[in-house]
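Asker: The structure's right below; bear with me while I get my questions together.
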Amino acid sequence: MIINPSIFRDYDIRAVAGKELDEEGVAKIAKAIFQVFKPKSIQVGHDMRITSPAYHKVFVETMLNLGVDVTDLGLVSTDMLYFASGTYPEDFALTISASHNPPEYNGMKMVKKGAIAVSGDSGIYQIRDLAISDKNLDITPVARGNLTQRNIMTDWINHLLTFVDLKVMKPFRVVSDTGNGMAGYFMPALEEKLPWDVSHLFYELDGTFPNHVPSPIEEKNRLDCINKVKDTEADFGIVFDGDGDRVFMIDEKGRTLTGTIMTAMIAENILQKNPGSTILYNAIVGRIVPEIIKKYRGRSERVRVGHTLIKEAMRRTNAEFCGEHSGHYYFKQNFFADSAIIAALLVAELMSAKNKKLSELYDEYDKYKSSEEINFEVKDKEAVMKKIEQEYKSSAVSVDWLDGVSIWFKGYWFNVRPSNTEPLLRLNVEADNSFLLEEKIKELVDKIESLGGKEKI
C-alpha cells in the first residue's frame with residue numbers, strides 16, 4: 001500500500017499516481033473518510049485521468065463493503081460535483097480528480113451535503129492521520145450498501161441557465177478550449193441551449209493531455225485559444241482547467257482578463273440584478289473591484305484566499321458572489337460554490353446587455369496595472385514578511401495582515417503572503433501605471449531576495 005502523507009493538502013488530496021498513492025491507498029483513504037464522517041450515503045464521480053476509473057472503482061467498492069449506499073455519478077467536473085452535493089440528498093460527495101495537475105497526478109476532492117467544503121481544518125488531516133496509521137479500519141456492516149447510477153447532465157445544464165437571460169444573450173462567436181479536460185464533457189450539452197457559434201479546442205477527454213497541461217493560469221496554456229480567437233475573429237475565448245471549475249477569458253484582441261477584471265464585471269452584472277447585495281473579493285484582487293461594488297451600491301468585504309475560507313465567509317455574510325484572482329468564482333445560488341462556466345456566462349450576458357465588445361469592457365475595468373503572482377522559495381516565511389513590514393510601514397498609508405502582509409501607498413500597493421502547501425512566499429503588486437508597477441516589482445523582488453528568498457521561475 002502506498003500513501004504519502006504529503007498528498008493531503010488544505011483543500012484536497014493530490015498525488016503522483018502509483019508513486020505517492022496506489023489503489024490500496026485509495027481503499028484505505030475511503031475507510032478513513034468513513035470513520036471521520038460516518039456517511040450513510042455518498043455520491044462519487046471521477047474525471048478523465050488515466051487512473052481515475054480504477055481509483056473510482058476501488059473507492060466505490062470499498063464504500064459499498066462498509067455498508068454505505070453509493071450513487072455513482074460517472075464522469076463529472078468539480079463544479080458538477082458541487083451542484084450534485086447541493087441538489088441531491090446524499091450525506092457526502094467526492095470526485096476522483098487532480099484538478100489542473102499534470103497527467104501523472106490523481107487525487108480526491110470532497111464536500112459534505114450542501115456543497116460544504118472539507119478542508120484541513122474540517123477533516124482532511126484527520127483522514128490523513130487515520131489513513132497512514134496502522135489502525136485496522138475494517139468493519140463488518142449489517143448489510144452491503146446499495147449501488148445506483150445518476151446522470152445529472154440535464155439538471156446541471158438547466159441549473160446553469162438560471163443564471164442568465166437567454167433572451168438578452170447575443171449570438172457570439174466563441175473559441176472554447178477545454179484542454180482535454182472535464183469541461184469538454186458538459187460544454188456540448190450547454191452549447192445546444194446557447195445562441196453561440198463555438199469553435200472547439202481539445203474537447204476530447206484525454207487524461208494524457210496531449211495538447212497542453214490544463215492549467216490556464218499559465219500563459220503558455222492559453223496560447224492556442226488566443227491564436228484561434230485572433231485567426232477566426234471570434235468575439236471572445238474561454239479556457240478551462242482540467243476539472244472544469246476554473247476559467248480564463250480572452251477578449252477579441254487576444255488579451256486575457258485577469259481575475260480582478262472578471263470579478264469586477266461579474267460584480268456589476270450581479271448588482272444590477274440584486275441591488276444592495278454583498279460581494280466578497282479575496283485579498284489579492286485589485287482596487288477596481290471595491291470601486292465597482294461601491295458604484296453599483298453593493299456592500300463589499302475583502303477576505304482571505306482559499307475556497308474553504310471564502311465559502312465560510314459567503315455563508316456568514318450571505319454574499320451573492322465572491323471572486324478570486326486565480327480564476328475561481330463563487331455564487332450564492334450555486335450553493336456558495338465556485339463554477340467556471342457560470343462566471344463566463346455572466347460576462348457574456350453583461351457584454352450583451354451593454355452592447356459592448358469584451359475589449360471595450362476590458363478597457364473600462366483596466367484602471368490599474370498589476371503583476372502576475374511572483375513566487376519565492378523562502379525558509380522562514382513569517383520572518384521575511386515581518387522584515388518587509390518593518391522596512392515599508394513608516395512610509396505606508398496603511399498595513400494589514402488579513403492574508404500575509406498587505407502594504408498600501410498612494411500610488412501602489414502590494415501583498416506578500418505564504419503558500420499554504422509549499423515553502424513559498426507569493427508577491428502581488430498593483431500600481432496606478434505601468435512605469436510605477438515595473439519599478440516596484442523590481443524593488444520588491446530585490447528586497448525579498450536580499451532577505452534570503454529565491455525567485456521560483
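In the C-alpha cells, chains take the letters A, B, ... in the order shown, each chain's residues start at 1, and ligands count up from 1 in the order shown.
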Tell me, as an MDAnalysis selection string, which residues lie within 8 Å of region 146-157 of chain A, counting only C-alpha atoms; anything in the same chain fewer than 6 positions away does not count.
Answerer: chainID A and resid 64 67:74 80 83:84 186 189:190
Asker: Can you write out as JSON lines which residues of region 317-341 of chain A fall within 10 Å of region 242-261 of chain A, alongside each residue's closest atom pair and its distance in Å to one decimal, counting only C-alpha atoms and ordering rows by chain and ascending residue number?
Answerer:
```
{"residue": "A:Gly323", "atom": "CA", "partner": "A:Gly259", "partner_atom": "CA", "distance": 7.2}
{"residue": "A:Glu324", "atom": "CA", "partner": "A:Gly259", "partner_atom": "CA", "distance": 6.1}
{"residue": "A:His325", "atom": "CA", "partner": "A:Gly259", "partner_atom": "CA", "distance": 4.1}
{"residue": "A:Ser326", "atom": "CA", "partner": "A:Gly259", "partner_atom": "CA", "distance": 5.9}
{"residue": "A:Gly327", "atom": "CA", "partner": "A:Gly259", "partner_atom": "CA", "distance": 5.3}
{"residue": "A:His328", "atom": "CA", "partner": "A:Arg246", "partner_atom": "CA", "distance": 5.3}
{"residue": "A:Tyr329", "atom": "CA", "partner": "A:Arg246", "partner_atom": "CA", "distance": 7.8}
{"residue": "A:Ala337", "atom": "CA", "partner": "A:Asp245", "partner_atom": "CA", "distance": 9.8}
{"residue": "A:Asp338", "atom": "CA", "partner": "A:Asp245", "partner_atom": "CA", "distance": 6.7}
{"residue": "A:Ser339", "atom": "CA", "partner": "A:Asp245", "partner_atom": "CA", "distance": 5.1}
{"residue": "A:Ala340", "atom": "CA", "partner": "A:Arg246", "partner_atom": "CA", "distance": 4.7}
{"residue": "A:Ile341", "atom": "CA", "partner": "A:Val247", "partner_atom": "CA", "distance": 7.3}
```
Asker: Taking 6 positions as the minimum chain separation for residues in the same chain, which residues sit within 12 Å of region 438-442 of chain A when counting only C-alpha atoms? Answer as a ChimeraX atom specification.
Answerer: /A:369-374,409,411-416,427-432,448-449,455
Asker: Here is a test: counting only C-alpha atoms, which residue of A:Leu346, A:Met110, A:Ile127, A:Val36 is nearest to Thr162 (chain A)?
Answerer: A:Leu346
Asker: Of the candidates A:Val60, A:Glu382, A:Gly114, A:Phe172, which one gets nearest to Pro195 (chain A) if we count only C-alpha atoms?
Answerer: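 Selected residue with least distance to Pro195 (chain A): A:Phe172.
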Asker: Check the smallest atom-to-atom distance from each of A:Ala283, A:Ala344, A:Val142, A:Ala93 to Asp400 (chain A) using only C-alpha atoms, then report the winner.
Answerer: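 Ranked by minimum distance to Asp400 (chain A), first place goes to A:Ala283.
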Asker: Taking only C-alpha atoms into account, name the residue in A:Val445, A:Ala115, A:Ala27, A:Leu361 that is nearest to Gln43 (chain A).
Answerer: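 The shortest atom-to-atom distance to Gln43 (chain A) comes from A:Ala115.
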Asker: Output as a list in words all residues of region 100-181 of chain A that backbone DSSP marks as helix (DSSP H, G or I).
Answerer: Gly120, Asp121, Ser122, Ile124, Tyr125, Gln126, Ile127, Arg128, Asp129, Leu130, Ala131, Met153, Thr154, Asp155, Trp156, Ile157, Asn158, His159, Leu160 and Leu161 of chain A
Asker: Just give me the gap between CA of Gln35 (chain A) and CA of Gln126 (chain A) in Å, one decimal is fine.
Answerer: 9.5 Å
Asker: Taking only C-alpha atoms into account, which of A:Ile116, A:Val378, A:Met1, A:Val303 comes nearest Pro423 (chain A)?
Answerer: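 Checking each candidate against Pro423 (chain A), we get A:Val378 as the closest.
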Asker: Would you return as a PDB file with C-alpha atoms, in the first residue's frame the members of region 64-310 of chain A that DSSP assigns to strand (DSSP E) on this structure's backbone?
Answerer:
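Output saved as result32.pdb:
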```pdb
ATOM      1  CA  ASP A  69     -25.189   3.428  -0.210  1.00  0.00           C
ATOM      2  CA  VAL A  70     -23.310   4.756  -3.245  1.00  0.00           C
ATOM      3  CA  THR A  71     -24.704   6.866  -6.056  1.00  0.00           C
ATOM      4  CA  ASP A  72     -22.309   6.662  -8.992  1.00  0.00           C
ATOM      5  CA  LEU A  73     -22.218   9.969 -10.903  1.00  0.00           C
ATOM      6  CA  GLY A  74     -19.771   8.713 -13.521  1.00  0.00           C
ATOM      7  CA  LEU A  75     -17.865  11.498 -15.274  1.00  0.00           C
ATOM      8  CA  PHE A  92     -21.289  13.242   1.234  1.00  0.00           C
ATOM      9  CA  ALA A  93     -19.872  13.742  -2.274  1.00  0.00           C
ATOM     10  CA  LEU A  94     -16.435  13.046  -3.719  1.00  0.00           C
ATOM     11  CA  THR A  95     -14.761  13.054  -7.098  1.00  0.00           C
ATOM     12  CA  ILE A  96     -11.550  11.353  -8.172  1.00  0.00           C
ATOM     13  CA  TYR A 105      -1.291  13.026 -10.868  1.00  0.00           C
ATOM     14  CA  ASN A 106      -4.591  11.994  -9.340  1.00  0.00           C
ATOM     15  CA  GLY A 107      -6.429  12.661  -6.113  1.00  0.00           C
ATOM     16  CA  MET A 108      -9.756  13.487  -4.480  1.00  0.00           C
ATOM     17  CA  LYS A 109     -11.993  16.499  -3.882  1.00  0.00           C
ATOM     18  CA  MET A 110     -14.765  16.132  -1.341  1.00  0.00           C
ATOM     19  CA  VAL A 111     -17.680  18.036   0.195  1.00  0.00           C
ATOM     20  CA  LYS A 112     -20.339  17.407   2.786  1.00  0.00           C
ATOM     21  CA  ILE A 116     -19.942  22.408   2.336  1.00  0.00           C
ATOM     22  CA  ALA A 117     -16.200  22.205   1.816  1.00  0.00           C
ATOM     23  CA  LEU A 147     -25.266   0.972  -5.739  1.00  0.00           C
ATOM     24  CA  THR A 148     -27.272   3.263  -8.032  1.00  0.00           C
ATOM     25  CA  GLN A 149     -26.388   5.356 -11.079  1.00  0.00           C
ATOM     26  CA  ARG A 173     -18.643  33.625 -31.964  1.00  0.00           C
ATOM     27  CA  VAL A 174     -16.665  31.839 -29.274  1.00  0.00           C
ATOM     28  CA  VAL A 175     -13.489  29.767 -29.050  1.00  0.00           C
ATOM     29  CA  SER A 176     -13.646  27.267 -26.186  1.00  0.00           C
ATOM     30  CA  ASP A 177     -10.515  25.396 -25.051  1.00  0.00           C
ATOM     31  CA  ASP A 197     -21.257  29.623 -32.569  1.00  0.00           C
ATOM     32  CA  VAL A 198     -18.494  27.731 -30.748  1.00  0.00           C
ATOM     33  CA  SER A 199     -15.162  26.611 -32.174  1.00  0.00           C
ATOM     34  CA  HIS A 200     -13.863  23.672 -30.131  1.00  0.00           C
ATOM     35  CA  LEU A 201     -10.290  23.224 -28.991  1.00  0.00           C
ATOM     36  CA  PHE A 236     -14.039  36.007 -27.155  1.00  0.00           C
ATOM     37  CA  GLY A 237     -12.344  32.828 -25.949  1.00  0.00           C
ATOM     38  CA  ILE A 238     -12.720  30.750 -22.805  1.00  0.00           C
ATOM     39  CA  VAL A 239     -10.023  28.455 -21.384  1.00  0.00           C
ATOM     40  CA  PHE A 240     -10.898  25.910 -18.683  1.00  0.00           C
ATOM     41  CA  VAL A 247     -11.758  29.705 -16.300  1.00  0.00           C
ATOM     42  CA  PHE A 248      -9.853  32.482 -18.029  1.00  0.00           C
ATOM     43  CA  MET A 249     -11.462  34.585 -20.744  1.00  0.00           C
ATOM     44  CA  ILE A 250      -9.737  36.080 -23.805  1.00  0.00           C
ATOM     45  CA  ASP A 251     -11.002  39.251 -25.484  1.00  0.00           C
ATOM     46  CA  THR A 278     -22.940  41.735  -0.553  1.00  0.00           C
ATOM     47  CA  ILE A 279     -19.996  40.948  -2.825  1.00  0.00           C
ATOM     48  CA  LEU A 280     -16.752  39.471  -1.495  1.00  0.00           C
ATOM     49  CA  TYR A 281     -13.296  39.501  -3.071  1.00  0.00           C
ATOM     50  CA  ASN A 282     -10.077  37.951  -1.897  1.00  0.00           C
ATOM     51  CA  ARG A 299     -21.712  46.006   0.130  1.00  0.00           C
ATOM     52  CA  SER A 300     -18.164  44.670  -0.097  1.00  0.00           C
ATOM     53  CA  GLU A 301     -15.825  42.683   2.115  1.00  0.00           C
ATOM     54  CA  ARG A 302     -12.234  41.627   1.486  1.00  0.00           C
ATOM     55  CA  VAL A 303     -11.489  38.044   2.573  1.00  0.00           C
TER      56      VAL A 303
END
```
